[in-house]
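**Q** My structure is in input-v7.cif, and what it holds is mmCIF, C-alpha atoms:
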data_protein
#
loop_
_atom_site.group_PDB
_atom_site.id
_atom_site.type_symbol
_atom_site.label_atom_id
_atom_site.label_comp_id
_atom_site.auth_asym_id
_atom_site.auth_seq_id
_atom_site.Cartn_x
_atom_site.Cartn_y
_atom_site.Cartn_z
ATOM 1 C CA MET A 743 157.045 35.542 -81.853
ATOM 2 C CA ASP A 744 160.009 37.253 -83.463
ATOM 3 C CA ILE A 745 159.839 38.130 -87.111
ATOM 4 C CA SER A 746 162.225 37.284 -89.908
ATOM 5 C CA ARG A 747 165.284 39.314 -90.802
ATOM 6 C CA ALA A 748 164.027 39.584 -94.361
ATOM 7 C CA LEU A 749 160.920 41.373 -93.166
ATOM 8 C CA ILE A 750 162.986 43.777 -91.049
ATOM 9 C CA ARG A 751 165.222 44.531 -94.027
ATOM 10 C CA ARG A 752 162.195 45.285 -96.173
ATOM 11 C CA CYS A 753 160.833 47.544 -93.424
ATOM 12 C CA LYS A 754 164.118 49.450 -93.370
ATOM 13 C CA LYS A 755 163.657 50.142 -97.076
ATOM 14 C CA ASN A 756 160.258 51.712 -96.278
ATOM 15 C CA ASP A 757 158.366 48.838 -97.883
ATOM 16 C CA LYS A 758 154.793 49.671 -96.856
ATOM 17 C CA ALA A 759 153.576 46.099 -97.174
ATOM 18 C CA ALA A 760 156.386 44.950 -94.868
ATOM 19 C CA LEU A 761 155.631 47.713 -92.357
ATOM 20 C CA ASN A 762 151.968 46.723 -92.461
ATOM 21 C CA GLU A 763 152.872 43.110 -91.728
ATOM 22 C CA LEU A 764 155.189 44.143 -88.863
ATOM 23 C CA LEU A 765 152.538 46.313 -87.222
ATOM 24 C CA ARG A 766 149.833 43.697 -87.795
ATOM 25 C CA GLN A 767 151.886 41.168 -85.846
ATOM 26 C CA TYR A 768 152.620 43.472 -82.919
ATOM 27 C CA GLU A 769 149.707 45.928 -82.768
ATOM 28 C CA GLN A 770 147.822 43.953 -80.110
ATOM 29 C CA TYR A 771 150.975 43.602 -78.025
ATOM 30 C CA LEU A 772 151.646 47.352 -78.209
ATOM 31 C CA TYR A 773 148.000 48.229 -77.603
ATOM 32 C CA LYS A 774 147.895 46.177 -74.388
ATOM 33 C CA ILE A 775 150.828 48.103 -72.953
ATOM 34 C CA CYS A 776 149.388 51.477 -74.011
ATOM 35 C CA TYR A 777 145.874 50.683 -72.773
ATOM 36 C CA TYR A 778 146.930 49.300 -69.410
ATOM 37 C CA TYR A 779 149.084 52.370 -68.932
ATOM 38 C CA CYS A 780 146.419 54.992 -69.692
ATOM 39 C CA GLN A 781 143.204 52.993 -69.049
ATOM 40 C CA ASP A 782 141.437 54.881 -71.849
ATOM 41 C CA LYS A 783 140.723 53.481 -75.319
ATOM 42 C CA ASP A 784 140.987 56.753 -77.253
ATOM 43 C CA GLU A 785 144.179 57.743 -75.508
ATOM 44 C CA ALA A 786 145.578 54.261 -76.144
ATOM 45 C CA PHE A 787 144.860 54.712 -79.866
ATOM 46 C CA ASP A 788 146.674 58.080 -79.859
ATOM 47 C CA ILE A 789 149.674 56.596 -78.100
ATOM 48 C CA CYS A 790 149.708 53.613 -80.479
ATOM 49 C CA GLN A 791 149.800 55.961 -83.467
ATOM 50 C CA GLU A 792 152.750 57.814 -81.957
ATOM 51 C CA VAL A 793 154.466 54.487 -81.324
ATOM 52 C CA TYR A 794 153.964 53.552 -84.993
ATOM 53 C CA ILE A 795 155.466 56.899 -86.095
ATOM 54 C CA ARG A 796 158.478 56.281 -83.859
ATOM 55 C CA ILE A 797 158.858 52.794 -85.306
ATOM 56 C CA PHE A 798 158.943 54.257 -88.819
ATOM 57 C CA ARG A 799 161.454 56.925 -87.816
ATOM 58 C CA HIS A 800 163.806 54.657 -85.874
ATOM 59 C CA MET A 801 163.566 51.574 -88.071
ATOM 60 C CA ALA A 802 167.005 52.327 -89.521
ATOM 61 C CA SER A 803 168.575 51.993 -86.048
ATOM 62 C CA LEU A 804 167.084 48.528 -85.418
ATOM 63 C CA ASP A 805 169.688 45.766 -85.229
ATOM 64 C CA GLU A 806 168.444 42.861 -87.357
ATOM 65 C CA ASP A 807 170.462 40.358 -85.333
ATOM 66 C CA ARG A 808 168.704 41.142 -82.060
ATOM 67 C CA PRO A 809 165.106 40.375 -81.056
ATOM 68 C CA ILE A 810 162.658 43.074 -82.018
ATOM 69 C CA VAL A 811 160.303 42.727 -79.020
ATOM 70 C CA PRO A 812 162.553 44.483 -76.438
ATOM 71 C CA TRP A 813 163.105 47.300 -78.959
ATOM 72 C CA LEU A 814 159.357 47.704 -79.514
ATOM 73 C CA LYS A 815 158.717 47.524 -75.791
ATOM 74 C CA ARG A 816 161.192 50.290 -75.027
ATOM 75 C CA LEU A 817 159.696 52.464 -77.791
ATOM 76 C CA ALA A 818 156.207 51.942 -76.359
ATOM 77 C CA VAL A 819 157.343 52.692 -72.796
ATOM 78 C CA ASN A 820 159.111 55.915 -73.784
ATOM 79 C CA THR A 821 156.173 57.009 -75.947
ATOM 80 C CA CYS A 822 153.697 56.418 -73.108
ATOM 81 C CA LEU A 823 155.783 58.374 -70.610
ATOM 82 C CA ASN A 824 156.422 61.240 -73.049
ATOM 83 C CA TYR A 825 152.759 61.299 -74.149
ATOM 84 C CA LYS A 826 151.496 61.901 -70.643
ATOM 85 C CA ARG A 827 154.111 64.593 -70.088
ATOM 86 C CA ASP A 828 153.393 66.373 -73.390
ATOM 87 C CA HIS A 829 149.609 66.155 -73.211
ATOM 88 C CA ARG A 830 149.116 67.000 -69.573
ATOM 89 C CA LYS A 831 146.431 69.658 -69.509
ATOM 90 C CA VAL A 832 143.639 70.893 -67.277
ATOM 91 C CA VAL A 833 140.314 70.966 -69.045
ATOM 92 C CA PRO A 834 137.846 73.315 -67.355
ATOM 93 C CA VAL A 835 134.476 71.683 -67.117
ATOM 94 C CA SER A 836 131.233 73.578 -66.742
ATOM 95 C CA LEU A 837 128.673 72.056 -64.411
ATOM 96 C CA ASP A 838 125.848 74.077 -65.932
ATOM 97 C CA GLY A 839 123.256 71.924 -67.641
ATOM 98 C CA ASN A 840 125.142 68.710 -66.901
ATOM 99 C CA PRO A 841 123.061 66.714 -64.428
ATOM 100 C CA ALA A 842 125.421 63.744 -64.461
ATOM 101 C CA LEU A 843 128.292 65.880 -63.250
ATOM 102 C CA MET A 844 126.093 67.720 -60.778
ATOM 103 C CA GLN A 845 125.094 64.365 -59.350
ATOM 104 C CA GLY A 846 128.734 63.558 -58.712
ATOM 105 C CA VAL A 847 129.597 66.809 -56.969
ATOM 106 C CA THR A 848 127.143 67.212 -54.154
ATOM 107 C CA THR A 849 127.360 65.583 -50.729
ATOM 108 C CA SER A 850 129.877 63.008 -49.572
ATOM 109 C CA ASP A 851 127.020 60.513 -49.191
ATOM 110 C CA SER A 852 126.127 60.696 -52.879
ATOM 111 C CA VAL A 853 129.797 60.327 -53.823
ATOM 112 C CA GLU A 854 129.937 57.102 -51.842
ATOM 113 C CA GLU A 855 126.756 55.859 -53.486
ATOM 114 C CA ILE A 856 128.141 56.546 -56.941
ATOM 115 C CA ALA A 857 131.415 54.859 -56.074
ATOM 116 C CA MET A 858 129.593 51.816 -54.762
ATOM 117 C CA SER A 859 127.361 51.643 -57.810
ATOM 118 C CA HIS A 860 130.371 51.503 -60.084
ATOM 119 C CA ASN A 861 131.895 48.233 -61.102
ATOM 120 C CA ASP A 862 134.965 47.378 -58.967
ATOM 121 C CA GLU A 863 137.029 47.128 -62.126
ATOM 122 C CA ASN A 864 136.117 50.672 -63.124
ATOM 123 C CA VAL A 865 137.191 51.955 -59.722
ATOM 124 C CA LEU A 866 140.492 50.091 -59.964
ATOM 125 C CA SER A 867 140.945 51.327 -63.529
ATOM 126 C CA SER A 868 140.332 54.935 -62.477
ATOM 127 C CA ALA A 869 142.618 54.501 -59.490
ATOM 128 C CA LEU A 870 145.349 53.110 -61.737
ATOM 129 C CA ALA A 871 144.955 56.020 -64.151
ATOM 130 C CA SER A 872 145.398 58.483 -61.278
ATOM 131 C CA LEU A 873 148.823 57.169 -60.259
ATOM 132 C CA ALA A 874 152.069 58.941 -61.047
ATOM 133 C CA ASP A 875 153.449 58.158 -64.530
ATOM 134 C CA ASN A 876 156.444 56.112 -63.440
ATOM 135 C CA GLN A 877 154.458 54.138 -60.871
ATOM 136 C CA ARG A 878 151.828 53.346 -63.462
ATOM 137 C CA MET A 879 154.397 52.300 -66.059
ATOM 138 C CA ALA A 880 156.245 50.075 -63.571
ATOM 139 C CA LEU A 881 152.957 48.349 -62.669
ATOM 140 C CA THR A 882 152.062 48.048 -66.367
ATOM 141 C CA LEU A 883 155.296 46.235 -67.139
ATOM 142 C CA ARG A 884 154.852 44.044 -64.055
ATOM 143 C CA TYR A 885 151.293 42.960 -64.783
ATOM 144 C CA VAL A 886 151.026 43.101 -68.585
ATOM 145 C CA GLU A 887 154.514 41.856 -69.413
ATOM 146 C CA ASP A 888 155.142 39.885 -66.203
ATOM 147 C CA LEU A 889 158.647 41.344 -66.028
ATOM 148 C CA SER A 890 160.905 40.979 -63.012
ATOM 149 C CA TYR A 891 162.148 44.022 -61.121
ATOM 150 C CA GLU A 892 165.478 43.789 -62.943
ATOM 151 C CA GLU A 893 163.827 43.590 -66.373
ATOM 152 C CA ILE A 894 161.590 46.567 -65.560
ATOM 153 C CA ALA A 895 164.658 48.529 -64.428
ATOM 154 C CA HIS A 896 166.401 47.700 -67.717
ATOM 155 C CA THR A 897 163.364 48.668 -69.829
ATOM 156 C CA MET A 898 162.674 51.928 -68.003
ATOM 157 C CA GLU A 899 166.408 52.673 -67.641
ATOM 158 C CA LEU A 900 166.045 53.224 -63.912
ATOM 159 C CA PRO A 901 167.930 51.839 -60.903
ATOM 160 C CA LEU A 902 166.528 48.651 -59.349
ATOM 161 C CA GLY A 903 165.724 50.378 -56.067
ATOM 162 C CA THR A 904 163.763 53.099 -57.851
ATOM 163 C CA VAL A 905 161.677 50.520 -59.701
ATOM 164 C CA LYS A 906 160.853 48.697 -56.468
ATOM 165 C CA SER A 907 159.893 52.006 -54.913
ATOM 166 C CA HIS A 908 157.561 52.817 -57.838
ATOM 167 C CA ILE A 909 155.851 49.416 -57.640
ATOM 168 C CA PHE A 910 155.467 49.397 -53.867
ATOM 169 C CA ARG A 911 154.271 52.988 -53.638
ATOM 170 C CA GLY A 912 151.924 52.466 -56.578
ATOM 171 C CA ARG A 913 150.318 49.484 -54.884
ATOM 172 C CA ASN A 914 150.063 51.335 -51.570
ATOM 173 C CA ALA A 915 148.429 54.301 -53.309
ATOM 174 C CA LEU A 916 145.947 51.961 -55.020
ATOM 175 C CA ARG A 917 145.131 50.291 -51.719
ATOM 176 C CA GLU A 918 144.488 53.672 -50.127
ATOM 177 C CA ILE A 919 142.209 54.775 -52.996
ATOM 178 C CA LEU A 920 140.277 51.524 -52.892
ATOM 179 C CA ARG A 921 140.039 51.754 -49.099
ATOM 180 C CA THR A 922 138.430 55.189 -49.314
ATOM 181 C CA SER A 923 136.051 53.754 -51.930
ATOM 182 C CA ASP A 924 135.097 51.062 -49.421
ATOM 183 C CA LEU A 925 136.370 48.338 -51.732
ATOM 184 C CA VAL A 926 139.060 47.327 -49.272
ATOM 185 C CA GLU A 927 138.589 46.806 -45.583
ATOM 186 C CA GLY A 928 140.447 49.456 -43.617
ATOM 187 C CA MET B 364 152.856 47.898 -33.135
ATOM 188 C CA CYS B 365 154.490 45.759 -35.823
ATOM 189 C CA GLN B 366 158.053 46.741 -36.709
ATOM 190 C CA MET B 367 158.237 44.588 -39.835
ATOM 191 C CA ASP B 368 159.297 46.396 -43.001
ATOM 192 C CA ARG B 369 156.125 46.629 -45.086
ATOM 193 C CA ASP B 370 158.062 46.292 -48.345
ATOM 194 C CA ILE B 371 158.889 42.688 -47.450
ATOM 195 C CA LEU B 372 155.211 41.825 -47.845
ATOM 196 C CA GLN B 373 155.273 43.237 -51.366
ATOM 197 C CA GLU B 374 158.424 41.310 -52.242
ATOM 198 C CA TYR B 375 156.754 38.204 -50.875
ATOM 199 C CA ILE B 376 153.794 38.799 -53.220
ATOM 200 C CA ASP B 377 156.225 39.117 -56.143
ATOM 201 C CA ASP B 378 158.110 35.972 -55.079
ATOM 202 C CA CYS B 379 161.357 37.907 -54.768
ATOM 203 C CA LEU B 380 162.419 36.804 -51.290
ATOM 204 C CA GLU B 381 165.201 34.368 -50.516
ATOM 205 C CA ASP B 382 164.131 31.090 -48.934
ATOM 206 C CA PHE B 383 165.322 32.049 -45.447
ATOM 207 C CA GLU B 384 163.547 35.433 -45.718
ATOM 208 C CA LYS B 385 160.309 33.620 -46.581
ATOM 209 C CA LEU B 386 160.702 31.393 -43.516
ATOM 210 C CA ILE B 387 161.242 34.409 -41.249
ATOM 211 C CA LEU B 388 158.199 36.174 -42.699
ATOM 212 C CA GLN B 389 155.984 33.091 -42.428
ATOM 213 C CA GLU B 390 156.963 32.715 -38.757
ATOM 214 C CA HIS B 391 156.157 36.393 -38.193
ATOM 215 C CA LEU B 392 152.758 36.091 -39.913
ATOM 216 C CA LYS B 393 151.727 33.365 -37.459
ATOM 217 C CA ASN B 394 151.762 35.962 -34.689
ATOM 218 C CA CYS B 395 150.954 39.275 -36.418
ATOM 219 C CA GLU B 396 147.341 39.866 -37.412
ATOM 220 C CA MET B 397 148.116 43.285 -38.893
ATOM 221 C CA CYS B 398 150.633 41.836 -41.356
ATOM 222 C CA ARG B 399 148.281 38.959 -42.214
ATOM 223 C CA ARG B 400 145.527 41.445 -43.006
ATOM 224 C CA GLU B 401 147.829 43.623 -45.082
ATOM 225 C CA LEU B 402 149.177 40.592 -46.954
ATOM 226 C CA ALA B 403 145.618 39.481 -47.758
ATOM 227 C CA GLN B 404 144.832 42.945 -49.138
ATOM 228 C CA LEU B 405 147.966 42.888 -51.255
ATOM 229 C CA LYS B 406 147.116 39.439 -52.625
ATOM 230 C CA VAL B 407 143.637 40.588 -53.655
ATOM 231 C CA LEU B 408 145.033 43.748 -55.250
ATOM 232 C CA ASP B 409 147.711 41.728 -57.038
ATOM 233 C CA TRP B 410 145.061 39.365 -58.435
ATOM 234 C CA ASP B 411 142.831 42.290 -59.531
ATOM 235 C CA LEU B 412 145.707 44.078 -61.277
ATOM 236 C CA ARG B 413 146.756 40.866 -63.018
ATOM 237 C CA HIS B 414 143.206 40.238 -64.263
ATOM 238 C CA LEU B 415 142.241 43.785 -65.212
ATOM 239 C CA PRO B 416 140.541 43.300 -68.597
ATOM 240 C CA ILE B 417 142.096 44.638 -71.779
ATOM 241 C CA ASP B 418 139.645 44.403 -74.661
ATOM 242 C CA ILE B 419 141.281 44.571 -78.079
ATOM 243 C CA PRO B 420 139.070 46.891 -80.149
ATOM 244 C CA GLN B 421 138.276 46.059 -83.750
ATOM 245 C CA GLU B 422 139.331 49.555 -84.825
ATOM 246 C CA LEU B 423 142.963 48.720 -84.095
ATOM 247 C CA GLY B 424 143.503 47.621 -87.687
ATOM 248 C CA ARG B 425 142.128 50.930 -88.942
ATOM 249 C CA VAL B 426 144.548 52.847 -86.728
ATOM 250 C CA ARG B 427 147.386 50.879 -88.324
ATOM 251 C CA GLN B 428 146.092 51.590 -91.831
ATOM 252 C CA ALA B 429 145.693 55.303 -91.074
ATOM 253 C CA SER B 430 149.268 55.531 -89.765
ATOM 254 C CA LEU B 431 150.648 53.780 -92.838
ATOM 255 C CA HIS B 432 148.565 55.992 -95.106
ATOM 256 C CA ASP B 433 150.124 59.105 -93.522
ATOM 257 C CA LEU B 434 153.585 57.674 -93.928
ATOM 258 C CA GLU B 435 155.337 59.398 -96.800
ATOM 259 C CA PRO B 436 158.244 57.424 -98.243
ATOM 260 C CA PRO B 437 161.349 59.456 -99.047
ATOM 261 C CA THR B 438 161.188 60.649 -102.643
ATOM 262 C CA ILE B 439 164.158 59.866 -104.774
ATOM 263 C CA SER B 440 164.144 61.805 -108.057
ATOM 264 C CA HIS B 441 165.875 60.062 -110.895
ATOM 265 C CA GLN B 442 167.531 62.947 -112.696
ATOM 266 C CA GLY B 443 170.165 61.045 -114.547
ATOM 267 C CA ILE B 444 173.817 62.046 -114.866
ATOM 268 C CA LYS B 445 173.104 65.272 -116.826
ATOM 269 C CA GLY B 446 170.691 66.512 -114.190
ATOM 270 C CA ILE B 447 173.146 65.743 -111.421
ATOM 271 C CA LEU B 448 175.973 67.543 -113.206
ATOM 272 C CA ALA B 449 173.744 70.593 -113.837
ATOM 273 C CA LEU B 450 172.787 70.612 -110.176
ATOM 274 C CA GLN B 451 176.441 70.377 -109.131
ATOM 275 C CA ARG B 452 177.313 73.271 -111.469
ATOM 276 C CA GLN B 453 174.580 75.425 -109.936
ATOM 277 C CA ILE B 454 175.754 74.622 -106.432
ATOM 278 C CA PHE B 455 179.349 75.440 -107.337
ATOM 279 C CA ALA B 456 178.359 78.712 -109.064
ATOM 280 C CA HIS B 457 176.326 79.806 -106.051
ATOM 281 C CA SER B 458 179.067 78.928 -103.605
ATOM 282 C CA ALA B 459 181.621 80.883 -105.708
ATOM 283 C CA SER B 460 179.453 83.989 -106.157
ATOM 284 C CA PHE B 461 181.445 85.737 -103.410
ATOM 285 C CA VAL B 462 184.243 86.223 -105.973
ATOM 286 C CA HIS B 463 182.343 89.113 -107.536
ATOM 287 C CA PHE B 464 182.822 91.074 -104.347
ATOM 288 C CA MET B 465 186.543 90.441 -104.009
ATOM 289 C CA PRO B 466 188.770 93.517 -104.430
ATOM 290 C CA SER B 467 190.921 92.006 -107.148
ATOM 291 C CA THR B 468 188.042 91.137 -109.467
ATOM 292 C CA LYS B 469 187.978 94.523 -111.168
ATOM 293 C CA MET B 470 191.731 94.426 -111.681
ATOM 294 C CA ILE B 471 191.521 91.023 -113.307
ATOM 295 C CA ARG B 472 188.679 92.145 -115.500
ATOM 296 C CA ASN B 473 190.659 95.194 -116.664
ATOM 297 C CA ALA B 474 193.741 93.082 -117.309
ATOM 298 C CA GLN B 475 191.680 90.673 -119.315
ATOM 299 C CA SER B 476 190.337 93.486 -121.487
ATOM 300 C CA LYS B 477 193.819 94.802 -122.189
ATOM 301 C CA VAL B 478 195.134 91.382 -123.048
ATOM 302 C CA ALA B 479 192.220 90.803 -125.350
ATOM 303 C CA ALA B 480 192.813 94.071 -127.081
ATOM 304 C CA TYR B 481 196.443 93.091 -127.835
ATOM 305 C CA THR B 482 196.088 89.405 -128.541
ATOM 306 C CA GLY B 483 192.714 89.240 -130.157
ATOM 307 C CA ARG B 484 189.585 87.362 -129.589
ATOM 308 C CA ALA B 485 191.138 83.879 -129.511
ATOM 309 C CA LEU B 486 193.012 84.551 -126.312
ATOM 310 C CA GLN B 487 189.940 86.115 -124.758
ATOM 311 C CA GLU B 488 187.900 83.038 -125.491
ATOM 312 C CA ARG B 489 190.617 80.846 -124.078
ATOM 313 C CA PHE B 490 190.601 82.866 -120.839
ATOM 314 C CA SER B 491 186.828 82.665 -120.606
ATOM 315 C CA ARG B 492 187.036 78.893 -120.769
ATOM 316 C CA SER B 493 189.462 78.773 -117.828
ATOM 317 C CA ILE B 494 188.365 78.250 -114.235
ATOM 318 C CA TRP B 495 188.823 81.942 -113.369
ATOM 319 C CA GLY B 496 186.934 82.966 -116.477
ATOM 320 C CA LYS B 497 183.897 81.082 -115.231
ATOM 321 C CA PHE B 498 183.603 83.495 -112.282
ATOM 322 C CA VAL B 499 184.650 86.738 -113.866
ATOM 323 C CA ARG B 500 182.383 87.788 -116.696
ATOM 324 C CA ILE B 501 183.699 90.280 -119.256
#
Can the structure from this file be put into C-alpha cells for me?
**A**
Amino acid sequence: MDISRALIRRCKKNDKAALNELLRQYEQYLYKICYYYCQDKDEAFDICQEVYIRIFRHMASLDEDRPIVPWLKRLAVNTCLNYKRDHRKVVPVSLDGNPALMQGVTTSDSVEEIAMSHNDENVLSSALASLADNQRMALTLRYVEDLSYEEIAHTMELPLGTVKSHIFRGRNALREILRTSDLVEG
Amino acid sequence: MCQMDRDILQEYIDDCLEDFEKLILQEHLKNCEMCRRELAQLKVLDWDLRHLPIDIPQELGRVRQASLHDLEPPTISHQGIKGILALQRQIFAHSASFVHFMPSTKMIRNAQSKVAAYTGRALQERFSRSIWGKFVRI
C-alpha cells in the first residue's frame, strides 16, 4: 500500500496534484482511525482536516526511504489526542421547548426504555465515545489497526504496561456501561 | 471468591499468553463459573468492538479538496539579480543606520568639510564613494 518515492518527492515540493494523490490513497485509512476514535462523523471530518494540515506542514520531515503508513498513523493519533484536549468544552443545553431531551431526562424507567430502544451498536458507540482519551485511542489502534500491545506502545509513545492498562480498563469500563444499559448480563 | 488476576482473561482474549499460561487458565476455567462468565462477556465485547461499523462517507473527497484549496504554496518572487542587490543594499543601510548616532560622526563630518575645502571637490567625491562616506552624508 506504500506509495512511490517520486510521489513523496513531489509532495515535498508542494505539488498540489501529488498531495491530492497522496491524500486520495490514504483518506479512508485516516478517516477510519479518526471516526473510530471519536464516533462522530462531523468530528471525524474536523480531525481529518487537521491531520491533512499536519501532513502538509511536516511533509519536509518525512524520510522517503521509510514506509509512510507508520508516519501517517502517528500523525493521526497525535492529532486525535490533541483535538479532544483542545476542543473539550461544556455546551449548556436548554431543555425548554425540546421534547426529545425532556423525554430523556425524566424517570429512571424512561431512561431504561430509551436505552433499550436504541440499537446495541449505538449504545456501544456512545459508550466508546465516553471513555478517557488514551483508553479510547488504545482500543482504536487495537481494533481498527489490529496492532499488538507493543506496536500500540510504540505508536502512542507509552510504556507497554500503560498501554495494557488503558486497554483493560477501557474494556472494563465498556462492560460496566453496557451492564447498566442491560446489554450485558450482570 | 476467585483469586485469579482478571487481566489474564483480557490477555487470553488478545492471544498474548504463553502456552503454559493458557493451560493453567483453561484448567482454572473448568472449575470457576465466575471466570467463565466474565470471559464470555469479554469475548462478546471483543467481537462487537471488532465489528463496530465504520461507514466511509461520500463527502470525504470534498474534505480533501477543501483542505488542498486552503493550502497556500510558499510564494517565491523572482526579482532577478538587480532586485536582490537592491534589497541587500536596503538591509545593509538599515542595519548601519546606528552610525548616525555615534559620537564621532559629527567629528568625521567636520573633518570631511575641512578637507574638502582645502583639496577641492574631487577629494570630497572620492570620500563620498568610500564605505564610510556611504553612512555619513555631507
**Q** Mind telling me what the PyMOL selection byres ((chain B) within 7 of (chain A)) catches here, as a PyMOL selection string?
**A** chain B and resi 370+373+412-413+415+417+419+426-427+430+436
**Q** What is the atom CA of A:Glu806-atom CA of A:Ala748 distance in Å, reported with one decimal?
**A**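 Between atom CA of A:Glu806 and atom CA of A:Ala748 the gap is 8.9 Å.
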**Q** Hey, can you check how far atom CA of B:Arg452 sits from atom CA of B:Lys477?
**A**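 Atom CA of B:Lys477 lies 29.2 Å from atom CA of B:Arg452.
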**Q** What are the centre and the three edge lengths of an axis-aligned box that wraps all atoms of stretch 750-756 of chain A in the file, given that 5 Å is added to every side, written as AutoDock Vina command-line options and rounded to one decimal in Å?
**A**
--center_x 162.7 --center_y 47.7 --center_z -94.1 --size_x 15.0 --size_y 17.9 --size_z 16.0
**Q** Mind pulling up the distance from atom CA of B:Gln475 to atom CA of B:Gln453?
**A** 24.8 Å
**Q** Please rebuild stretch 377-398 of chain B with N, CA and C atoms and return the result as an mmCIF file, in the frame of the given file.
**A**
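result.cif, freshly written:
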data_model
loop_
_atom_site.group_PDB
_atom_site.id
_atom_site.type_symbol
_atom_site.label_atom_id
_atom_site.label_comp_id
_atom_site.auth_asym_id
_atom_site.auth_seq_id
_atom_site.Cartn_x
_atom_site.Cartn_y
_atom_site.Cartn_z
ATOM 1 N N ASP B 377 155.552 39.232 -54.842
ATOM 2 C CA ASP B 377 156.225 39.117 -56.143
ATOM 3 C C ASP B 377 157.200 37.953 -56.198
ATOM 4 N N ASP B 378 157.232 37.145 -55.133
ATOM 5 C CA ASP B 378 158.110 35.972 -55.079
ATOM 6 C C ASP B 378 159.576 36.356 -55.305
ATOM 7 N N CYS B 379 159.992 37.418 -54.617
ATOM 8 C CA CYS B 379 161.357 37.907 -54.768
ATOM 9 C C CYS B 379 162.194 37.752 -53.508
ATOM 10 N N LEU B 380 161.671 37.001 -52.538
ATOM 11 C CA LEU B 380 162.419 36.804 -51.290
ATOM 12 C C LEU B 380 163.273 35.552 -51.373
ATOM 13 N N GLU B 381 164.389 35.576 -50.660
ATOM 14 C CA GLU B 381 165.201 34.368 -50.516
ATOM 15 C C GLU B 381 164.444 33.389 -49.619
ATOM 16 N N ASP B 382 164.843 32.131 -49.704
ATOM 17 C CA ASP B 382 164.131 31.090 -48.934
ATOM 18 C C ASP B 382 164.119 31.373 -47.436
ATOM 19 N N PHE B 383 165.268 31.806 -46.897
ATOM 20 C CA PHE B 383 165.322 32.049 -45.447
ATOM 21 C C PHE B 383 164.470 33.269 -45.061
ATOM 22 N N GLU B 384 164.390 34.256 -45.997
ATOM 23 C CA GLU B 384 163.547 35.433 -45.718
ATOM 24 C C GLU B 384 162.075 35.023 -45.672
ATOM 25 N N LYS B 385 161.695 34.100 -46.569
ATOM 26 C CA LYS B 385 160.309 33.620 -46.581
ATOM 27 C C LYS B 385 159.991 32.918 -45.257
ATOM 28 N N LEU B 386 160.927 32.113 -44.775
ATOM 29 C CA LEU B 386 160.702 31.393 -43.516
ATOM 30 C C LEU B 386 160.497 32.369 -42.369
ATOM 31 N N ILE B 387 161.341 33.409 -42.327
ATOM 32 C CA ILE B 387 161.242 34.409 -41.249
ATOM 33 C C ILE B 387 159.889 35.108 -41.326
ATOM 34 N N LEU B 388 159.471 35.465 -42.538
ATOM 35 C CA LEU B 388 158.199 36.174 -42.699
ATOM 36 C C LEU B 388 157.033 35.274 -42.301
ATOM 37 N N GLN B 389 157.081 34.013 -42.742
ATOM 38 C CA GLN B 389 155.984 33.091 -42.428
ATOM 39 C C GLN B 389 155.858 32.874 -40.921
ATOM 40 N N GLU B 390 157.002 32.830 -40.231
ATOM 41 C CA GLU B 390 156.963 32.715 -38.757
ATOM 42 C C GLU B 390 156.341 33.961 -38.157
ATOM 43 N N HIS B 391 156.700 35.120 -38.687
ATOM 44 C CA HIS B 391 156.157 36.393 -38.193
ATOM 45 C C HIS B 391 154.644 36.464 -38.413
ATOM 46 N N LEU B 392 154.184 36.004 -39.576
ATOM 47 C CA LEU B 392 152.758 36.091 -39.913
ATOM 48 C C LEU B 392 151.902 35.258 -38.962
ATOM 49 N N LYS B 393 152.497 34.208 -38.386
ATOM 50 C CA LYS B 393 151.727 33.365 -37.459
ATOM 51 C C LYS B 393 151.269 34.174 -36.262
ATOM 52 N N ASN B 394 152.054 35.217 -35.922
ATOM 53 C CA ASN B 394 151.762 35.962 -34.689
ATOM 54 C C ASN B 394 151.324 37.397 -34.923
ATOM 55 N N CYS B 395 151.273 37.867 -36.172
ATOM 56 C CA CYS B 395 150.954 39.275 -36.418
ATOM 57 C C CYS B 395 149.717 39.386 -37.297
ATOM 58 N N GLU B 396 148.597 39.763 -36.666
ATOM 59 C CA GLU B 396 147.341 39.866 -37.412
ATOM 60 C C GLU B 396 147.380 41.019 -38.412
ATOM 61 N N MET B 397 148.051 42.103 -38.014
ATOM 62 C CA MET B 397 148.116 43.285 -38.893
ATOM 63 C C MET B 397 148.807 42.930 -40.222
ATOM 64 N N CYS B 398 149.920 42.223 -40.126
ATOM 65 C CA CYS B 398 150.633 41.836 -41.356
ATOM 66 C C CYS B 398 149.823 40.830 -42.163
#
